[in-house]
>>> print(open('entry_36.cif').read())   # mmCIF, C-alpha atoms
data_input
#
loop_
_atom_site.label_atom_id
_atom_site.label_comp_id
_atom_site.auth_asym_id
_atom_site.auth_seq_id
_atom_site.Cartn_x
_atom_site.Cartn_y
_atom_site.Cartn_z
CA MET E 1 0.00 0.00 0.00
CA THR E 2 1.36 3.41 -0.97
CA THR E 3 1.49 5.93 1.87
CA VAL E 4 1.16 9.60 0.98
CA THR E 5 3.46 11.90 2.96
CA PRO E 6 4.69 15.49 2.50
CA GLU E 7 8.12 14.03 1.79
CA ASN E 8 7.09 11.83 -1.14
CA LYS E 9 4.80 14.56 -2.44
CA LYS E 10 7.89 16.77 -2.77
CA GLU E 11 9.38 14.11 -5.03
CA SER E 12 6.20 13.49 -7.05
CA TYR E 13 7.54 15.50 -10.00
CA LYS E 14 9.97 12.64 -10.64
CA LEU E 15 7.01 10.30 -11.02
CA PHE E 16 5.46 12.67 -13.57
CA ASP E 17 8.75 12.72 -15.48
CA GLN E 18 8.35 8.97 -15.92
CA ILE E 19 4.75 9.05 -17.18
CA ALA E 20 4.90 12.28 -19.25
CA LYS E 21 4.66 10.55 -22.63
CA THR E 22 1.47 8.65 -21.75
CA TYR E 23 -0.07 11.24 -19.39
CA ASP E 24 -2.41 12.95 -21.86
CA SER E 25 -3.73 9.79 -23.48
CA LEU E 26 -4.27 8.14 -20.11
CA ASN E 27 -6.18 11.17 -18.84
CA ILE E 28 -8.58 10.82 -21.75
CA ILE E 29 -8.98 7.06 -21.22
CA LEU E 30 -9.34 7.13 -17.44
CA SER E 31 -11.70 10.13 -17.33
CA LEU E 32 -13.57 9.25 -20.55
CA GLY E 33 -12.52 12.67 -21.79
CA ILE E 34 -14.50 14.51 -19.14
CA ASP E 35 -11.42 16.27 -17.73
CA ARG E 36 -11.38 18.41 -20.89
CA LEU E 37 -14.95 19.53 -20.26
CA TRP E 38 -14.03 20.43 -16.69
CA ARG E 39 -11.18 22.66 -17.84
CA ARG E 40 -13.49 24.45 -20.26
CA LYS E 41 -15.77 25.18 -17.30
CA ILE E 42 -12.97 27.30 -15.84
CA ILE E 43 -12.73 29.21 -19.12
CA LYS E 44 -16.46 29.91 -18.95
CA LEU E 45 -16.16 31.12 -15.36
CA ILE E 46 -13.37 33.53 -16.34
CA GLY E 47 -15.69 35.08 -18.90
CA LYS E 48 -14.83 38.01 -21.14
CA LYS E 49 -12.86 40.14 -18.71
CA SER E 50 -9.36 40.77 -20.06
CA PHE E 51 -6.40 39.38 -18.14
CA PRO E 52 -2.97 40.67 -19.24
CA LYS E 53 -1.11 38.14 -17.08
CA ALA E 54 -2.21 34.61 -16.23
CA LEU E 55 -0.37 31.91 -14.31
CA ASP E 56 -1.10 28.18 -14.53
CA LEU E 57 0.58 26.22 -11.74
CA ALA E 58 1.36 22.50 -11.88
CA THR E 59 0.69 23.00 -15.58
CA GLY E 60 1.79 19.48 -16.56
CA THR E 61 1.70 19.20 -20.33
CA GLY E 62 0.08 22.63 -20.58
CA ASP E 63 -3.58 21.83 -21.30
CA MET E 64 -4.94 24.61 -19.08
CA ALA E 65 -2.29 27.11 -20.13
CA ILE E 66 -3.12 26.45 -23.79
CA LEU E 67 -6.84 26.99 -23.16
CA LEU E 68 -6.03 30.30 -21.45
CA GLY E 69 -3.80 31.28 -24.37
CA LYS E 70 -6.58 30.60 -26.87
CA LYS E 71 -8.84 33.18 -25.22
CA THR E 72 -8.89 36.45 -27.14
CA ASN E 73 -8.91 38.39 -23.85
CA SER E 74 -5.59 36.90 -22.69
CA GLU E 75 -2.17 38.41 -23.38
CA ASN E 76 0.57 36.53 -21.49
CA VAL E 77 0.21 33.06 -19.98
CA LEU E 78 2.93 31.38 -17.93
CA GLY E 79 2.70 27.70 -17.06
CA LEU E 80 4.97 26.35 -14.32
CA ASP E 81 5.66 22.76 -13.30
CA MET E 82 8.43 20.91 -11.46
CA SER E 83 8.49 18.06 -13.99
CA LYS E 84 10.88 18.70 -16.87
CA GLY E 85 9.41 15.74 -18.75
CA MET E 86 5.93 17.23 -18.62
CA ILE E 87 7.16 20.70 -19.57
CA ASP E 88 9.17 19.40 -22.54
CA TYR E 89 6.08 17.61 -23.85
CA GLY E 90 3.89 20.65 -23.20
CA VAL E 91 6.21 23.01 -25.09
CA LYS E 92 5.69 20.88 -28.21
CA LYS E 93 1.91 21.20 -27.76
CA VAL E 94 2.18 24.99 -27.44
CA GLN E 95 4.21 25.13 -30.65
CA LYS E 96 1.71 22.90 -32.44
CA GLU E 97 -1.08 25.30 -31.46
CA SER E 98 1.00 28.29 -32.67
CA LEU E 99 0.67 29.95 -29.27
CA GLY E 100 4.34 30.58 -28.56
CA HIS E 101 3.76 34.34 -28.71
CA LYS E 102 1.31 34.15 -25.77
CA VAL E 103 2.06 30.99 -23.79
CA ARG E 104 5.35 30.10 -22.11
CA LEU E 105 5.97 26.91 -20.13
CA ASP E 106 8.85 26.62 -17.70
CA ILE E 107 10.07 24.71 -14.66
CA GLY E 108 8.87 26.29 -11.43
CA ASP E 109 7.69 25.47 -7.92
CA GLY E 110 4.14 26.38 -6.87
CA MET E 111 5.28 26.64 -3.26
CA ASN E 112 7.96 29.20 -4.19
CA ILE E 113 6.53 31.08 -7.16
CA PRO E 114 9.28 33.07 -8.90
CA LEU E 115 7.07 36.11 -9.55
CA ASP E 116 6.55 39.52 -7.96
CA ASP E 117 3.81 40.31 -5.47
CA GLN E 118 0.45 41.25 -7.04
CA SER E 119 1.69 40.57 -10.57
CA GLN E 120 -0.98 38.17 -11.90
CA ASP E 121 -4.59 38.78 -12.96
CA ILE E 122 -5.59 35.10 -13.13
CA ILE E 123 -4.16 32.00 -11.47
CA THR E 124 -5.27 28.47 -12.31
CA ILE E 125 -4.22 25.05 -11.10
CA THR E 126 -5.93 21.84 -12.16
CA PHE E 127 -5.42 18.55 -10.32
CA GLY E 128 -2.05 19.67 -8.99
CA ILE E 129 -2.30 21.27 -5.59
CA ARG E 130 -2.88 17.96 -3.81
CA ASN E 131 0.65 16.98 -4.89
CA PHE E 132 2.25 19.97 -3.16
CA GLY E 133 4.41 19.04 -0.17
CA ASP E 134 2.74 21.94 1.68
CA PHE E 135 -0.46 22.99 -0.08
CA LYS E 136 -1.12 25.74 2.50
CA LYS E 137 2.17 27.38 1.57
CA GLY E 138 1.16 27.06 -2.07
CA LEU E 139 -2.13 28.85 -1.36
CA ARG E 140 -0.29 31.66 0.42
CA GLU E 141 2.05 32.01 -2.55
CA MET E 142 -0.90 32.21 -4.95
CA SER E 143 -2.46 34.92 -2.79
CA ARG E 144 0.84 36.80 -2.74
CA VAL E 145 1.35 36.97 -6.52
CA LEU E 146 -2.33 37.60 -7.35
CA LYS E 147 -3.48 41.19 -7.83
CA ASP E 148 -6.15 42.64 -5.57
CA ASP E 149 -9.55 41.53 -6.95
CA GLY E 150 -7.73 39.00 -9.13
CA LYS E 151 -9.23 35.54 -9.61
CA CYS E 152 -7.87 32.15 -8.67
CA PHE E 153 -9.39 28.91 -10.00
CA ILE E 154 -8.38 25.64 -8.40
CA MET E 155 -9.80 22.41 -9.80
CA GLU E 156 -9.31 19.29 -7.74
CA PHE E 157 -10.87 15.92 -7.12
CA SER E 158 -13.41 15.66 -4.31
CA LEU E 159 -15.70 12.98 -2.92
CA PRO E 160 -19.41 12.77 -3.94
CA GLN E 161 -22.02 13.24 -1.23
CA ASN E 162 -24.39 10.63 -2.65
CA PHE E 163 -23.66 7.30 -0.93
CA ILE E 164 -24.08 5.10 -4.02
CA ILE E 165 -22.08 7.36 -6.36
CA ARG E 166 -19.41 7.83 -3.69
CA ASN E 167 -18.90 4.08 -3.29
CA LEU E 168 -18.84 3.45 -7.04
CA TYR E 169 -16.35 6.28 -7.43
CA LEU E 170 -14.09 4.96 -4.66
CA PHE E 171 -14.18 1.45 -6.10
CA TYR E 172 -13.09 2.81 -9.47
CA PHE E 173 -10.39 4.98 -7.91
CA ARG E 174 -9.03 2.27 -5.64
CA HIS E 175 -9.14 -0.70 -7.99
CA ILE E 176 -9.84 0.05 -11.66
CA LEU E 177 -7.89 3.29 -12.19
CA PRO E 178 -4.60 2.04 -10.65
CA LEU E 179 -4.82 -1.25 -12.56
CA ILE E 180 -5.29 0.42 -15.96
CA GLY E 181 -3.09 3.44 -15.27
CA ASN E 182 -0.11 1.53 -13.92
CA ALA E 183 -0.27 -0.98 -16.78
CA LEU E 184 -0.55 1.54 -19.63
CA SER E 185 2.00 3.93 -18.17
CA SER E 186 4.48 1.09 -17.56
CA ASN E 187 4.91 2.40 -14.02
CA SER E 188 3.97 -0.01 -11.25
CA MET E 189 3.09 2.65 -8.66
CA ALA E 190 2.22 5.91 -10.47
CA TYR E 191 -1.56 5.72 -10.41
CA THR E 192 -1.65 3.94 -7.06
CA TYR E 193 0.11 6.97 -5.60
CA LEU E 194 -2.12 9.45 -7.43
CA ASN E 195 -5.36 7.93 -6.17
CA LYS E 196 -4.04 7.93 -2.59
CA THR E 197 -3.43 11.67 -2.82
CA VAL E 198 -7.10 12.18 -3.72
CA GLU E 199 -8.47 10.35 -0.69
CA SER E 200 -6.13 12.09 1.74
CA PHE E 201 -6.73 15.66 0.53
CA PRO E 202 -9.30 18.09 2.03
CA TYR E 203 -12.21 19.11 -0.20
CA GLY E 204 -15.40 21.16 -0.18
CA GLU E 205 -15.83 23.62 2.67
CA LEU E 206 -12.67 22.39 4.38
CA PHE E 207 -10.55 23.39 1.40
CA ALA E 208 -12.48 26.65 0.92
CA LYS E 209 -11.66 27.51 4.55
CA GLU E 210 -7.96 26.95 3.88
CA MET E 211 -8.14 29.30 0.88
CA LYS E 212 -9.68 32.04 3.02
CA LEU E 213 -7.00 31.56 5.68
CA ALA E 214 -4.40 32.01 2.93
CA GLY E 215 -5.77 35.45 2.00
CA PHE E 216 -8.66 34.93 -0.40
CA LYS E 217 -11.73 36.95 0.58
CA THR E 218 -14.42 34.95 -1.21
CA VAL E 219 -14.52 31.32 -2.35
CA LYS E 220 -17.27 29.76 -4.47
CA ILE E 221 -17.43 25.99 -4.87
CA HIS E 222 -18.59 24.57 -8.21
CA PRO E 223 -19.16 20.78 -7.97
CA LEU E 224 -18.50 18.83 -11.17
CA THR E 225 -20.15 15.56 -12.29
CA PHE E 226 -21.93 14.53 -9.08
CA GLY E 227 -19.14 16.03 -6.97
CA ILE E 228 -16.26 13.81 -8.11
CA ALA E 229 -14.33 17.03 -8.73
CA SER E 230 -14.78 20.67 -7.76
CA ILE E 231 -13.70 24.08 -8.99
CA TYR E 232 -12.87 26.60 -6.25
CA GLU E 233 -13.33 30.11 -7.62
CA ALA E 234 -11.64 32.59 -5.31
CA THR E 235 -11.18 36.35 -5.29
CA LYS E 236 -8.30 38.00 -3.46
#
>>> encode(input="entry_36.cif", output="structure tokens")
Amino acid sequence: MTTVTPENKKESYKLFDQIAKTYDSLNIILSLGIDRLWRRKIIKLIGKKSFPKALDLATGTGDMAILLGKKTNSENVLGLDMSKGMIDYGVKKVQKESLGHKVRLDIGDGMNIPLDDQSQDIITITFGIRNFGDFKKGLREMSRVLKDDGKCFIMEFSLPQNFIIRNLYLFYFRHILPLIGNALSSNSMAYTYLNKTVESFPYGELFAKEMKLAGFKTVKIHPLTFGIASIYEATK
């Protein structure tokens, strides 16, 4: 059984280096493509307000950063991730989309963001904050670099309230997802570790409370697909 600790979370980027080449295709298979719909929900929540500077943390292969870059009301999008393997793959995707003039991906730590205070209009992070060694420090860093009245969107897995859906979801997460994910990624522990991080991470009002303690003044929770994931929309 894989135990999730702050120590092995700090090293999780090495795991993502190993599965970078199969990460995108496995996301589509394991989520039945629904993760793409969830990311577009963030784009809808952002709306038409212009945002000169946007930051996507734990950007992975850049899916969210690319969506931000495609918006006509965006100007500069920076995606940061600790995994060089994921960033290298994401850079190719940015080039393929001809977004190099707006989107830049680089190696960077979400717990020590290399940006000035109040420098970002929008911050996003999708399915990444639960892998931070200290997610509370990450939240404080997001609050620090976000402009006053700027928006932060955090999308993360949560647990459904409905008893039947919750149990079906947990069965899939504990047994089916690790079996398929570990086999197709050729990594014997990758998706076992990832599903453990989901079950051990705070969600719903507990996570919203942590965001407020970090400096966000309002937090709205948008449940997705029966509550198996949630978007936390916060204003500084």
>>> closest_atom_pairs(input="entry_36.cif", of="segment 3-86 of chain E", to="segment 227-231 of chain E", cutoff="12 Å", atoms="only C-alpha atoms", output="CSV")
residue,atom,partner,partner_atom,distance
E:Ser31,CA,E:Ile228,CA,10.9
E:Ile34,CA,E:Ala229,CA,10.7
E:Asp35,CA,E:Ala229,CA,9.5
E:Leu37,CA,E:Ala229,CA,11.8
E:Trp38,CA,E:Ile231,CA,8.5
E:Arg39,CA,E:Ile231,CA,9.3
E:Arg40,CA,E:Ile231,CA,11.3
E:Lys41,CA,E:Ile231,CA,8.6
E:Ile42,CA,E:Ile231,CA,7.6
E:Ile43,CA,E:Ile231,CA,11.4
E:Lys44,CA,E:Ile231,CA,11.9
E:Leu45,CA,E:Ile231,CA,9.8
E:Ile46,CA,E:Ile231,CA,12.0
>>> resolve_selection(input="entry_36.cif", expression="the PyMOL selection byres ((chain E and resi 90-103) around 12)", output="ChimeraX atom specification")
/E:20-21,23-24,52-56,58-81,83-89,104-107
>>> closest_atom_pairs(input="entry_36.cif", of="segment 134-187 of chain E", to="segment 214-219 of chain E", cutoff="6 Å", atoms="all atoms listed in the file", output="Markdown table")
| residue | atom | partner | partner_atom | distance |
| --- | --- | --- | --- | --- |
| E:Leu139 | CA | E:Ala214 | CA | 5.8 |
| E:Arg140 | CA | E:Ala214 | CA | 4.8 |
| E:Ser143 | CA | E:Gly215 | CA | 5.8 |
>>> resolve_selection(input="entry_36.cif", expression="the PyMOL selection byres ((chain E and resi 119-128) around 7)", output="MDAnalysis selection string")
chainID E and resid 51:59 116:118 129:131 145:147 150:157
>>> closest_residue(input="entry_36.cif", among="E:Gly110, E:Gly181, E:Gly47, E:Gly204", to="Lys137 of chain E", atoms="only C-alpha atoms")
E:Gly110
>>> closest_residue(input="entry_36.cif", among="E:Gly108, E:Pro223, E:Gly33, E:Pro202", to="Lys136 of chain E", atoms="all atoms listed in the file")
E:Pro202
>>> build_atoms(input="entry_36.cif", residues="segment 145-156 of chain E", atoms="N, CA and C atoms", output="compact mmCIF listing (two decimals), in the frame of the given file")
# COMPACT_ATOMS: atom_id res chain seq x y z
N VAL E 145 1.05 36.50 -5.16
CA VAL E 145 1.35 36.97 -6.52
C VAL E 145 0.09 37.44 -7.26
N LEU E 146 -1.09 37.19 -6.69
CA LEU E 146 -2.33 37.60 -7.35
C LEU E 146 -2.64 39.06 -7.03
N LYS E 147 -3.08 39.80 -8.03
CA LYS E 147 -3.48 41.19 -7.83
C LYS E 147 -4.73 41.28 -6.97
N ASP E 148 -4.91 42.41 -6.31
CA ASP E 148 -6.15 42.64 -5.57
C ASP E 148 -7.33 42.54 -6.53
N ASP E 149 -8.36 41.81 -6.13
CA ASP E 149 -9.55 41.53 -6.95
C ASP E 149 -9.25 40.59 -8.11
N GLY E 150 -8.03 40.01 -8.14
CA GLY E 150 -7.73 39.00 -9.13
C GLY E 150 -8.44 37.70 -8.81
N LYS E 151 -8.49 36.80 -9.78
CA LYS E 151 -9.23 35.54 -9.61
C LYS E 151 -8.29 34.34 -9.61
N CYS E 152 -8.60 33.40 -8.74
CA CYS E 152 -7.87 32.15 -8.67
C CYS E 152 -8.86 31.00 -8.86
N PHE E 153 -8.53 30.07 -9.74
CA PHE E 153 -9.39 28.91 -10.00
C PHE E 153 -8.60 27.63 -9.73
N ILE E 154 -9.03 26.90 -8.73
CA ILE E 154 -8.38 25.64 -8.40
C ILE E 154 -9.36 24.50 -8.67
N MET E 155 -8.97 23.58 -9.52
CA MET E 155 -9.80 22.41 -9.80
C MET E 155 -9.12 21.18 -9.20
N GLU E 156 -9.89 20.45 -8.41
CA GLU E 156 -9.31 19.29 -7.74
C GLU E 156 -10.37 18.23 -7.53
